[in-house]
file my_file.pdb (PDB, C-alpha atoms, pLDDT in the B column)
ATOM      1  CA  MET A  38     249.136 178.894  -9.040  1.00 44.00           C
ATOM      2  CA  ILE A  39     248.025 177.060 -12.164  1.00 48.00           C
ATOM      3  CA  ALA A  40     249.356 179.879 -14.320  1.00 47.00           C
ATOM      4  CA  SER A  41     252.803 179.547 -12.768  1.00 46.00           C
ATOM      5  CA  ARG A  42     252.772 175.757 -13.163  1.00 48.00           C
ATOM      6  CA  PHE A  43     251.673 176.060 -16.769  1.00 48.00           C
ATOM      7  CA  SER A  44     254.317 178.649 -17.543  1.00 49.00           C
ATOM      8  CA  ARG A  45     257.019 176.511 -15.887  1.00 50.00           C
ATOM      9  CA  PHE A  46     255.839 173.520 -17.938  1.00 48.00           C
ATOM     10  CA  ALA A  47     255.794 175.573 -21.128  1.00 50.00           C
ATOM     11  CA  CYS A  48     259.244 176.933 -20.333  1.00 48.00           C
ATOM     12  CA  ARG A  49     260.724 173.479 -19.669  1.00 51.00           C
ATOM     13  CA  PHE A  50     258.886 172.147 -22.697  1.00 50.00           C
ATOM     14  CA  SER A  51     260.361 174.757 -25.027  1.00 48.00           C
ATOM     15  CA  GLN A  52     263.866 174.342 -23.570  1.00 46.00           C
ATOM     16  CA  VAL A  53     263.756 170.591 -24.131  1.00 48.00           C
ATOM     17  CA  ALA A  54     262.484 171.064 -27.669  1.00 45.00           C
ATOM     18  CA  ARG A  55     265.307 173.482 -28.509  1.00 45.00           C
ATOM     19  CA  VAL A  56     268.058 171.444 -26.848  1.00 43.00           C
ATOM     20  CA  THR A  57     267.095 168.190 -28.540  1.00 43.00           C
ATOM     21  CA  SER A  58     266.225 169.439 -32.017  1.00 41.00           C
ATOM     22  CA  THR A  59     269.592 168.301 -33.377  1.00 44.00           C
ATOM     23  CA  GLN A  60     269.028 164.787 -32.006  1.00 46.00           C
ATOM     24  CA  ASN A  61     265.899 164.280 -34.113  1.00 45.00           C
ATOM     25  CA  SER A  62     267.775 164.005 -37.402  1.00 44.00           C
ATOM     26  CA  VAL A  63     270.108 161.358 -35.980  1.00 44.00           C
ATOM     27  CA  ARG A  64     267.383 159.297 -34.350  1.00 46.00           C
ATOM     28  CA  PHE A  65     265.283 158.826 -37.471  1.00 44.00           C
ATOM     29  CA  MET A  66     268.095 157.537 -39.657  1.00 45.00           C
ATOM     30  CA  SER A  67     267.247 153.867 -39.058  1.00 46.00           C
ATOM     31  CA  ALA A  68     263.882 152.546 -40.214  1.00 52.00           C
ATOM     32  CA  VAL A  69     263.484 149.910 -37.492  1.00 55.00           C
ATOM     33  CA  PRO A  70     263.932 150.953 -33.853  1.00 56.00           C
ATOM     34  CA  GLN A  71     266.369 148.954 -31.801  1.00 62.00           C
ATOM     35  CA  PRO A  72     264.683 146.810 -29.131  1.00 59.00           C
ATOM     36  CA  GLN A  73     265.176 147.877 -25.538  1.00 63.00           C
ATOM     37  CA  THR A  74     266.413 144.999 -23.422  1.00 63.00           C
ATOM     38  CA  ASN A  75     266.677 146.973 -20.180  1.00 68.00           C
ATOM     39  CA  PRO A  76     264.409 150.040 -20.269  1.00 68.00           C
ATOM     40  CA  ASN A  77     265.200 153.000 -18.044  1.00 75.00           C
ATOM     41  CA  ILE A  78     262.004 153.718 -16.084  1.00 78.00           C
ATOM     42  CA  GLU A  79     262.129 157.372 -15.082  1.00 79.00           C
ATOM     43  CA  CYS A  80     258.757 157.651 -13.365  1.00 85.00           C
ATOM     44  CA  ASN A  81     256.240 155.196 -11.984  1.00 91.00           C
ATOM     45  CA  GLN A  82     253.735 157.665 -10.551  1.00 95.00           C
ATOM     46  CA  LEU A  83     250.514 159.262 -11.799  1.00 95.00           C
ATOM     47  CA  PHE A  84     250.759 162.624 -13.586  1.00 94.00           C
ATOM     48  CA  ILE A  85     248.054 164.898 -12.150  1.00 95.00           C
ATOM     49  CA  ASN A  86     247.957 168.696 -12.208  1.00 93.00           C
ATOM     50  CA  ASN A  87     251.401 168.925 -13.794  1.00 90.00           C
ATOM     51  CA  GLU A  88     252.973 166.862 -10.996  1.00 94.00           C
ATOM     52  CA  PHE A  89     253.999 163.256 -10.562  1.00 94.00           C
ATOM     53  CA  VAL A  90     252.143 161.899  -7.534  1.00 96.00           C
ATOM     54  CA  ASP A  91     251.607 158.547  -5.850  1.00 96.00           C
ATOM     55  CA  ALA A  92     248.169 156.947  -6.026  1.00 97.00           C
ATOM     56  CA  ALA A  93     245.854 158.080  -3.225  1.00 96.00           C
ATOM     57  CA  SER A  94     245.492 154.460  -2.127  1.00 96.00           C
ATOM     58  CA  GLY A  95     249.240 153.841  -2.309  1.00 96.00           C
ATOM     59  CA  LYS A  96     248.548 150.777  -4.471  1.00 96.00           C
ATOM     60  CA  THR A  97     250.852 149.721  -7.291  1.00 96.00           C
ATOM     61  CA  PHE A  98     250.802 146.997  -9.922  1.00 95.00           C
ATOM     62  CA  PRO A  99     253.589 145.266 -11.835  1.00 94.00           C
ATOM     63  CA  LEU A 100     254.586 146.472 -15.294  1.00 88.00           C
ATOM     64  CA  ILE A 101     255.485 143.321 -17.217  1.00 86.00           C
ATOM     65  CA  ASN A 102     257.769 142.975 -20.227  1.00 80.00           C
ATOM     66  CA  PRO A 103     255.478 141.249 -22.772  1.00 78.00           C
ATOM     67  CA  SER A 104     258.268 139.317 -24.464  1.00 74.00           C
ATOM     68  CA  THR A 105     259.974 137.924 -21.352  1.00 80.00           C
ATOM     69  CA  GLU A 106     257.110 138.179 -18.863  1.00 87.00           C
ATOM     70  CA  GLU A 107     259.564 139.668 -16.366  1.00 86.00           C
ATOM     71  CA  VAL A 108     258.461 142.464 -14.046  1.00 89.00           C
ATOM     72  CA  ILE A 109     260.077 145.716 -15.180  1.00 87.00           C
ATOM     73  CA  THR A 110     258.862 147.875 -12.278  1.00 90.00           C
ATOM     74  CA  GLU A 111     255.855 148.644 -10.109  1.00 94.00           C
ATOM     75  CA  VAL A 112     253.646 151.558 -11.197  1.00 95.00           C
ATOM     76  CA  ALA A 113     250.996 153.543  -9.324  1.00 96.00           C
ATOM     77  CA  GLU A 114     247.492 152.096  -9.571  1.00 96.00           C
ATOM     78  CA  GLY A 115     244.995 154.913  -9.972  1.00 96.00           C
ATOM     79  CA  ASP A 116     241.470 154.478  -8.687  1.00 96.00           C
ATOM     80  CA  LYS A 117     238.332 156.617  -8.291  1.00 97.00           C
ATOM     81  CA  ALA A 118     239.980 159.124  -5.938  1.00 97.00           C
ATOM     82  CA  ASP A 119     242.838 159.670  -8.395  1.00 97.00           C
ATOM     83  CA  VAL A 120     240.454 160.036 -11.335  1.00 97.00           C
ATOM     84  CA  ASP A 121     238.400 162.567  -9.359  1.00 97.00           C
ATOM     85  CA  ARG A 122     241.563 164.515  -8.514  1.00 97.00           C
ATOM     86  CA  ALA A 123     242.689 164.481 -12.177  1.00 97.00           C
ATOM     87  CA  VAL A 124     239.246 165.562 -13.417  1.00 97.00           C
ATOM     88  CA  ALA A 125     239.172 168.425 -10.883  1.00 97.00           C
ATOM     89  CA  ALA A 126     242.633 169.573 -12.025  1.00 96.00           C
ATOM     90  CA  ALA A 127     241.625 169.394 -15.703  1.00 95.00           C
ATOM     91  CA  THR A 128     238.374 171.247 -15.015  1.00 95.00           C
ATOM     92  CA  GLU A 129     240.298 174.010 -13.266  1.00 94.00           C
ATOM     93  CA  ALA A 130     242.870 174.175 -16.064  1.00 91.00           C
ATOM     94  CA  PHE A 131     240.134 174.684 -18.681  1.00 91.00           C
ATOM     95  CA  ARG A 132     237.831 177.010 -16.708  1.00 94.00           C
ATOM     96  CA  LEU A 133     236.911 180.377 -18.204  1.00 94.00           C
ATOM     97  CA  GLY A 134     239.735 182.838 -17.603  1.00 93.00           C
ATOM     98  CA  SER A 135     242.394 180.153 -17.129  1.00 92.00           C
ATOM     99  CA  PRO A 136     245.812 180.644 -18.748  1.00 91.00           C
ATOM    100  CA  TRP A 137     245.069 177.974 -21.350  1.00 89.00           C
ATOM    101  CA  ARG A 138     241.707 179.485 -22.304  1.00 91.00           C
ATOM    102  CA  THR A 139     243.056 183.039 -22.486  1.00 94.00           C
ATOM    103  CA  MET A 140     246.201 182.093 -24.395  1.00 94.00           C
ATOM    104  CA  ASP A 141     246.305 183.082 -28.046  1.00 95.00           C
ATOM    105  CA  ALA A 142     245.262 180.168 -30.266  1.00 95.00           C
ATOM    106  CA  SER A 143     248.508 180.318 -32.238  1.00 96.00           C
ATOM    107  CA  ASP A 144     250.499 179.975 -28.987  1.00 95.00           C
ATOM    108  CA  ARG A 145     248.383 176.971 -27.969  1.00 94.00           C
ATOM    109  CA  GLY A 146     249.080 175.495 -31.401  1.00 95.00           C
ATOM    110  CA  LEU A 147     252.826 175.983 -30.927  1.00 95.00           C
ATOM    111  CA  LEU A 148     252.693 174.212 -27.571  1.00 94.00           C
ATOM    112  CA  LEU A 149     250.709 171.312 -29.007  1.00 95.00           C
ATOM    113  CA  ASN A 150     253.133 171.019 -31.939  1.00 94.00           C
ATOM    114  CA  ARG A 151     256.070 170.977 -29.515  1.00 94.00           C
ATOM    115  CA  LEU A 152     254.334 168.238 -27.552  1.00 93.00           C
ATOM    116  CA  ALA A 153     253.855 166.252 -30.767  1.00 92.00           C
ATOM    117  CA  ASP A 154     257.538 166.736 -31.628  1.00 91.00           C
ATOM    118  CA  LEU A 155     258.580 165.474 -28.185  1.00 89.00           C
ATOM    119  CA  VAL A 156     256.282 162.460 -28.417  1.00 88.00           C
ATOM    120  CA  GLU A 157     257.735 161.678 -31.836  1.00 88.00           C
ATOM    121  CA  ARG A 158     261.278 162.176 -30.547  1.00 86.00           C
ATOM    122  CA  ASP A 159     260.686 159.875 -27.566  1.00 82.00           C
ATOM    123  CA  GLN A 160     258.519 157.279 -29.275  1.00 83.00           C
ATOM    124  CA  GLY A 161     261.127 154.613 -28.605  1.00 77.00           C
ATOM    125  CA  TYR A 162     260.854 155.303 -24.877  1.00 74.00           C
ATOM    126  CA  LEU A 163     257.086 155.780 -24.803  1.00 78.00           C
ATOM    127  CA  ALA A 164     256.315 152.653 -26.857  1.00 78.00           C
ATOM    128  CA  PRO A 165     259.464 150.548 -26.870  1.00 71.00           C
ATOM    129  CA  THR A 166     260.056 147.282 -28.627  1.00 66.00           C
ATOM    130  CA  TYR A 167     261.238 144.681 -26.144  1.00 59.00           C
ATOM    131  CA  LEU A 168     263.545 141.802 -26.890  1.00 54.00           C
TER     132      LEU A 168
END
call {"tool": "encode", "arguments": {"input": "my_file.pdb", "output": "structure tokens"}}
result
Amino acid sequence: MIASRFSRFACRFSQVARVTSTQNSVRFMSAVPQPQTNPNIECNQLFINNEFVDAASGKTFPLINPSTEEVITEVAEGDKADVDRAVAAATEAFRLGSPWRTMDASDRGLLLNRLADLVERDQGYLAPTYL
């Protein structure tokens, strides 16, 4: 099950990296990122075991725009049960014989580099400047 989830993630990951590679050169032309006045929040859940899930308690807390002090959205509030679930998923993912552990080191490196490229590409969304 984990192997199929990991392979689906890796597949989607590589497709996104290929599709958006031409956008990278355009995005980095300006030195100062444009502030986001109305951010598009795509997910407000916890990411555990390669899935977006609600908090076990169902609790949320407001995400506040630091420059206007307006509430942008409500996001899931993780607690001990969620941390335990995430730790169990991570432990399973890294157990001996898991897909990640048995993958060739150069393939793991490629995946990590793709992740870094995607984080760099989406830095404006991941850490936006608000106006």
call {"tool": "residues_around", "arguments": {"input": "my_file.pdb", "residues": "Thr110 in chain A", "least_positions_apart": "2", "cutoff": "6 Å", "atoms": "all atoms listed in the file", "output": "PyMOL selection string"}}
result
chain A and resi 99-100+108
call {"tool": "closest_residue", "arguments": {"input": "my_file.pdb", "among": "A:Asn81, A:Ser94, A:Ser104, A:Asn150", "to": "Val120 in chain A", "atoms": "all atoms listed in the file"}}
result
A:Ser94
call {"tool": "closest_residue", "arguments": {"input": "my_file.pdb", "among": "A:Ala93, A:Gln82, A:Leu163, A:Leu152", "to": "Glu111 in chain A", "atoms": "all atoms listed in the file"}}
result
A:Gln82
call {"tool": "atom_distance", "arguments": {"input": "my_file.pdb", "atom1": "CA of Ala113 in chain A", "atom2": "CA of Ala92 in chain A"}}
result
5.5 Å
call {"tool": "atom_distance", "arguments": {"input": "my_file.pdb", "atom1": "CA of Cys80 in chain A", "atom2": "CA of Leu148 in chain A"}}
result
22.6 Å
call {"tool": "closest_residue", "arguments": {"input": "my_file.pdb", "among": "A:Phe89, A:Pro165, A:Pro136, A:Asn77", "to": "Ala123 in chain A", "atoms": "only C-alpha atoms"}}
result
A:Phe89
call {"tool": "closest_residue", "arguments": {"input": "my_file.pdb", "among": "A:Ile85, A:Val156, A:Tyr162, A:Leu149", "to": "Trp137 in chain A", "atoms": "only C-alpha atoms"}}
result
A:Leu149
call {"tool": "atom_distance", "arguments": {"input": "my_file.pdb", "atom1": "CA of Phe98 in chain A", "atom2": "CA of Gly115 in chain A"}}
result
9.8 Å
call {"tool": "closest_residue", "arguments": {"input": "my_file.pdb", "among": "A:Arg145, A:Ala126, A:Arg138, A:Leu83", "to": "Lys96 in chain A", "atoms": "all atoms listed in the file"}}
result
A:Leu83
